[in-house]
Amino acid sequence: MGNQKGKRDGRSATLYVVSTPIGNLEDITLRAIQVLKSVGLIAAESVQHTRGLCRRFAVTTRLTSYNQHNRKTKAPALIAKLLSGTDVALVSNAGTPAISDPGVFLVNQALEHDIRVSPIPGASAVTAALSISGLRSDGFVFAGFLPNRSGKRRRALEGLAAESRTLVFFEAPHRLEATLKDMLDVLGDRPAVLLRELTKVFEQVTRGSIASLARRPRCSAVKGELTLVVAGKEKDTGSAGLDEGVRERMIELLQAGGLTVRDIATRLSVEEGVAYRDVYRDCLAVKRKLERPA
């Protein structure tokens with residue numbers, strides 16, 4: 001697979017975009033290990049981090065640093081290596097390179113030089129989070145990291161406010177509180193799922209709404225990126241209100257007990273694709289009627 005001994009048939013080598021685990025090291029693929037062992041050089045977001053992964057799977061290939069801080073100075077050297085016939089594997093600290101990642105710069109440089117770029121698929125926080133979110137996944141929008149400043153962040157959210165597909169974001173722990181506040185103001189209260197430490201021992205998945213997530217206490221010691229999945233814009237149910245099937249399901253959940261009105265509204269808005277605010281309003285009315293003395 002590798003081509004580390006030089007050009008073959010006068011062609012340049014291949015840049016392999018290699019997905020690595022987002023937490024649990026056992027999630028690496030057999031093909032990824034094979035590629036990492038066979039290439040002539042591994043371009044890693046963090047040499048120290050990737051060295052641990054390589055040690056775990058007996059990969060002895062030479063490592064070099066390539067990240068957001070040195071991408072413009074390191075890319076020419078990596079392109080030269082590829083043009084001389086040395087296969088290079090591009091890896092990030094976790095997940096798939098070039099997805100909200102500085103690897104996209106090197107990929108574009110390689111394409112401009114007619115260098116073959118080949119994906120070695122594997123773990124991705126985006127699809128992992130979406131798969132267990134319980135929100136619609138027949139269509140989604142990955143928005144990556146929102147801007148740091150509130151003004152720019154709100155403008156970015158305004159551009160997504162009418163989007164009906166599920167929204168997936170990355171966020172840093174220290175910005176989460178401000179981001180959730182801006183989301184609540186711009187998008188309104190919607191079903192949302194916050195995921196941290198995916199595939200790790202202390203994996204945590206918190207479901208609810210944007211408002212309920214914003215009310216939760218924060219732990220300043222939390223490190224690493226968070227993934228936030230938010231429901232798209234709800235269907236407009238118009239003035240006709242909820243259909244009978246939704247109302248019957250609502251009554252069943254209320255009578256079963258154990259769920260708050262907010263919980264029921266969140267569940268039904270996701271399951272039935274109807275507006276959260278409409279379900280919440282009607283659920284309150286039905287709850288009062290059920291509790292009213294006969």
# chains A, B, ... in the order shown; residues from 1 in each chain; ligands from 1
>>> closest_atom_pairs(of="stretch 165-284 of chain A", to="stretch 9-30 of chain A", cutoff="8 Å", atoms="only C-alpha atoms", output="CSV")
residue,atom,partner,partner_atom,distance
A:Glu197,CA,A:Gly23,CA,7.1
A:Leu198,CA,A:Gly23,CA,6.4
A:Thr199,CA,A:Gly23,CA,5.4
A:Lys200,CA,A:Gly23,CA,5.3
>>> select_by_dssp(residues="stretch 58-283 of chain A", states="alpha helix (DSSP H)", output="ChimeraX atom specification")
/A:71-83,103-112,125-133,150-160,176-187,210-215,244-256,261-272,276-283
>>> residues_around(residues="stretch 77-83 of chain A", least_positions_apart="4", cutoff="12 Å", atoms="only C-alpha atoms", output="PyMOL selection string")
chain A and resi 2-8+10-16+39-44+63-66+70-73+87-90+103+105-117
>>> write_last_selection(atoms="N, CA and C atoms", output="compact mmCIF listing (two decimals), in the first residue's frame")
# COMPACT_ATOMS: atom_id res chain seq x y z
N GLY A 2 1.91 1.23 0.79
CA GLY A 2 2.76 2.41 0.90
C GLY A 2 3.66 2.57 -0.29
N ASN A 3 4.30 3.72 -0.39
CA ASN A 3 5.19 4.02 -1.50
C ASN A 3 6.31 4.89 -0.97
N GLN A 4 6.98 4.41 0.08
CA GLN A 4 7.95 5.24 0.76
C GLN A 4 9.35 5.13 0.16
N LYS A 5 9.53 4.29 -0.89
CA LYS A 5 10.87 4.12 -1.46
C LYS A 5 11.10 5.01 -2.67
N GLY A 6 10.12 5.82 -3.00
CA GLY A 6 10.31 6.74 -4.12
C GLY A 6 9.21 6.63 -5.15
N LYS A 7 9.35 7.35 -6.23
CA LYS A 7 8.30 7.39 -7.24
C LYS A 7 8.14 6.05 -7.93
N ARG A 8 6.90 5.79 -8.34
CA ARG A 8 6.60 4.64 -9.17
C ARG A 8 5.99 5.16 -10.46
N GLY A 10 6.97 7.38 -12.31
CA GLY A 10 7.11 8.81 -12.42
C GLY A 10 6.02 9.61 -11.76
N ARG A 11 5.16 8.95 -10.99
CA ARG A 11 4.05 9.66 -10.36
C ARG A 11 4.40 10.04 -8.93
N SER A 12 3.70 11.11 -8.44
CA SER A 12 3.88 11.48 -7.04
C SER A 12 3.16 10.46 -6.17
N ALA A 13 3.37 10.54 -4.88
CA ALA A 13 2.80 9.58 -3.94
C ALA A 13 1.39 10.02 -3.54
N THR A 14 0.87 9.43 -2.47
CA THR A 14 -0.51 9.66 -2.03
C THR A 14 -0.54 10.30 -0.65
N LEU A 15 -1.45 11.27 -0.50
CA LEU A 15 -1.74 11.82 0.82
C LEU A 15 -2.95 11.07 1.35
N TYR A 16 -2.75 10.33 2.44
CA TYR A 16 -3.84 9.59 3.07
C TYR A 16 -4.43 10.42 4.21
N VAL A 39 3.19 4.13 5.33
CA VAL A 39 3.61 5.40 4.72
C VAL A 39 5.01 5.79 5.17
N GLY A 40 5.57 6.77 4.49
CA GLY A 40 6.91 7.24 4.84
C GLY A 40 6.93 8.28 5.93
N LEU A 41 5.77 8.96 6.14
CA LEU A 41 5.73 10.05 7.10
C LEU A 41 4.29 10.24 7.58
N ILE A 42 4.14 10.54 8.87
CA ILE A 42 2.83 10.88 9.43
C ILE A 42 2.84 12.35 9.83
N ALA A 43 1.93 13.14 9.26
CA ALA A 43 1.78 14.55 9.62
C ALA A 43 0.69 14.63 10.69
N ALA A 44 1.08 14.95 11.92
CA ALA A 44 0.17 14.87 13.07
C ALA A 44 -0.12 16.24 13.66
N LEU A 63 7.19 10.76 12.64
CA LEU A 63 6.14 11.76 12.83
C LEU A 63 6.69 13.16 12.61
N THR A 64 5.83 14.03 12.08
CA THR A 64 6.16 15.45 11.99
C THR A 64 4.93 16.26 12.35
N SER A 65 5.15 17.44 12.87
CA SER A 65 4.04 18.28 13.32
C SER A 65 3.38 19.02 12.15
N TYR A 66 2.05 18.99 12.12
CA TYR A 66 1.29 19.80 11.18
C TYR A 66 -0.02 20.20 11.86
N ASN A 70 1.24 25.98 12.31
CA ASN A 70 2.38 25.90 11.38
C ASN A 70 1.99 25.43 9.98
N ARG A 71 0.67 25.34 9.69
CA ARG A 71 0.23 24.73 8.45
C ARG A 71 0.79 25.42 7.21
N LYS A 72 0.92 26.74 7.24
CA LYS A 72 1.40 27.45 6.04
C LYS A 72 2.89 27.26 5.81
N THR A 73 3.63 27.04 6.89
CA THR A 73 5.08 26.83 6.73
C THR A 73 5.41 25.36 6.51
N ASP A 87 4.76 8.61 0.44
CA ASP A 87 3.38 8.65 0.92
C ASP A 87 3.34 9.31 2.30
N VAL A 88 2.31 10.12 2.52
CA VAL A 88 2.15 10.83 3.80
C VAL A 88 0.75 10.54 4.34
N ALA A 89 0.68 10.28 5.65
CA ALA A 89 -0.62 10.12 6.33
C ALA A 89 -0.89 11.36 7.15
N LEU A 90 -2.06 11.95 6.96
CA LEU A 90 -2.47 13.12 7.73
C LEU A 90 -3.42 12.68 8.82
N GLY A 103 -6.41 20.46 8.55
CA GLY A 103 -6.01 19.52 7.50
C GLY A 103 -6.54 19.88 6.13
N PHE A 105 -6.34 22.60 4.63
CA PHE A 105 -5.36 23.41 3.91
C PHE A 105 -4.38 22.51 3.15
N LEU A 106 -3.90 21.47 3.82
CA LEU A 106 -2.95 20.56 3.17
C LEU A 106 -3.64 19.78 2.06
N VAL A 107 -4.86 19.36 2.29
CA VAL A 107 -5.61 18.64 1.25
C VAL A 107 -5.73 19.50 0.00
N ASN A 108 -6.09 20.77 0.17
CA ASN A 108 -6.22 21.66 -0.99
C ASN A 108 -4.89 21.88 -1.70
N GLN A 109 -3.82 22.00 -0.92
CA GLN A 109 -2.49 22.15 -1.52
C GLN A 109 -2.13 20.92 -2.35
N ALA A 110 -2.44 19.75 -1.82
CA ALA A 110 -2.16 18.51 -2.55
C ALA A 110 -2.96 18.45 -3.85
N LEU A 111 -4.22 18.81 -3.79
CA LEU A 111 -5.07 18.78 -4.98
C LEU A 111 -4.57 19.76 -6.04
N GLU A 112 -4.09 20.92 -5.60
CA GLU A 112 -3.56 21.91 -6.55
C GLU A 112 -2.33 21.38 -7.28
N HIS A 113 -1.61 20.46 -6.64
CA HIS A 113 -0.42 19.87 -7.25
C HIS A 113 -0.71 18.52 -7.90
N ASP A 114 -2.00 18.24 -8.11
CA ASP A 114 -2.43 16.97 -8.74
C ASP A 114 -1.93 15.75 -8.00
N ILE A 115 -1.82 15.87 -6.69
CA ILE A 115 -1.42 14.74 -5.85
C ILE A 115 -2.67 13.96 -5.45
N ARG A 116 -2.57 12.67 -5.50
CA ARG A 116 -3.71 11.82 -5.13
C ARG A 116 -3.98 11.95 -3.63
N VAL A 117 -5.26 12.17 -3.28
CA VAL A 117 -5.68 12.24 -1.88
C VAL A 117 -6.69 11.11 -1.66
>>> closest_atom_pairs(of="stretch 115-163 of chain A", to="stretch 271-290 of chain A", cutoff="10 Å", atoms="only C-alpha atoms", output="CSV")
residue,atom,partner,partner_atom,distance
A:Gly134,CA,A:Glu271,CA,8.7
A:Leu135,CA,A:Glu271,CA,8.2
A:Arg136,CA,A:Glu271,CA,8.7
>>> closest_atom_pairs(of="stretch 52-164 of chain A", to="stretch 186-194 of chain A", cutoff="8 Å", atoms="only C-alpha atoms", output="Markdown table")
| residue | atom | partner | partner_atom | distance |
| --- | --- | --- | --- | --- |
| A:Ser133 | CA | A:Val193 | CA | 6.1 |
| A:Arg154 | CA | A:Val186 | CA | 6.8 |
| A:Leu157 | CA | A:Val186 | CA | 6.6 |
| A:Glu158 | CA | A:Val186 | CA | 6.3 |
| A:Ala161 | CA | A:Leu187 | CA | 5.5 |
>>> write_last_selection(atoms="N, CA and C atoms", output="tab-separated table (two decimals), in the first residue's frame")
chain	number	residue	atom	x	y	z
A	133	SER	N	-28.43	10.84	19.20
A	133	SER	CA	-29.13	12.04	19.66
A	133	SER	C	-30.63	11.84	19.77
A	154	ARG	N	-24.13	35.31	16.89
A	154	ARG	CA	-25.56	35.51	16.68
A	154	ARG	C	-25.89	35.65	15.19
A	157	LEU	N	-25.88	32.24	13.74
A	157	LEU	CA	-27.08	31.52	14.14
A	157	LEU	C	-28.32	32.02	13.40
A	158	GLU	N	-28.37	33.32	13.15
A	158	GLU	CA	-29.49	33.88	12.38
A	158	GLU	C	-29.55	33.26	10.99
A	161	ALA	N	-31.28	29.90	11.46
A	161	ALA	CA	-32.55	29.89	12.19
A	161	ALA	C	-33.69	29.25	11.41
>>> select_by_dssp(residues="stretch 124-281 of chain A", states="strand (DSSP E or B)", output="count of residues only")
29
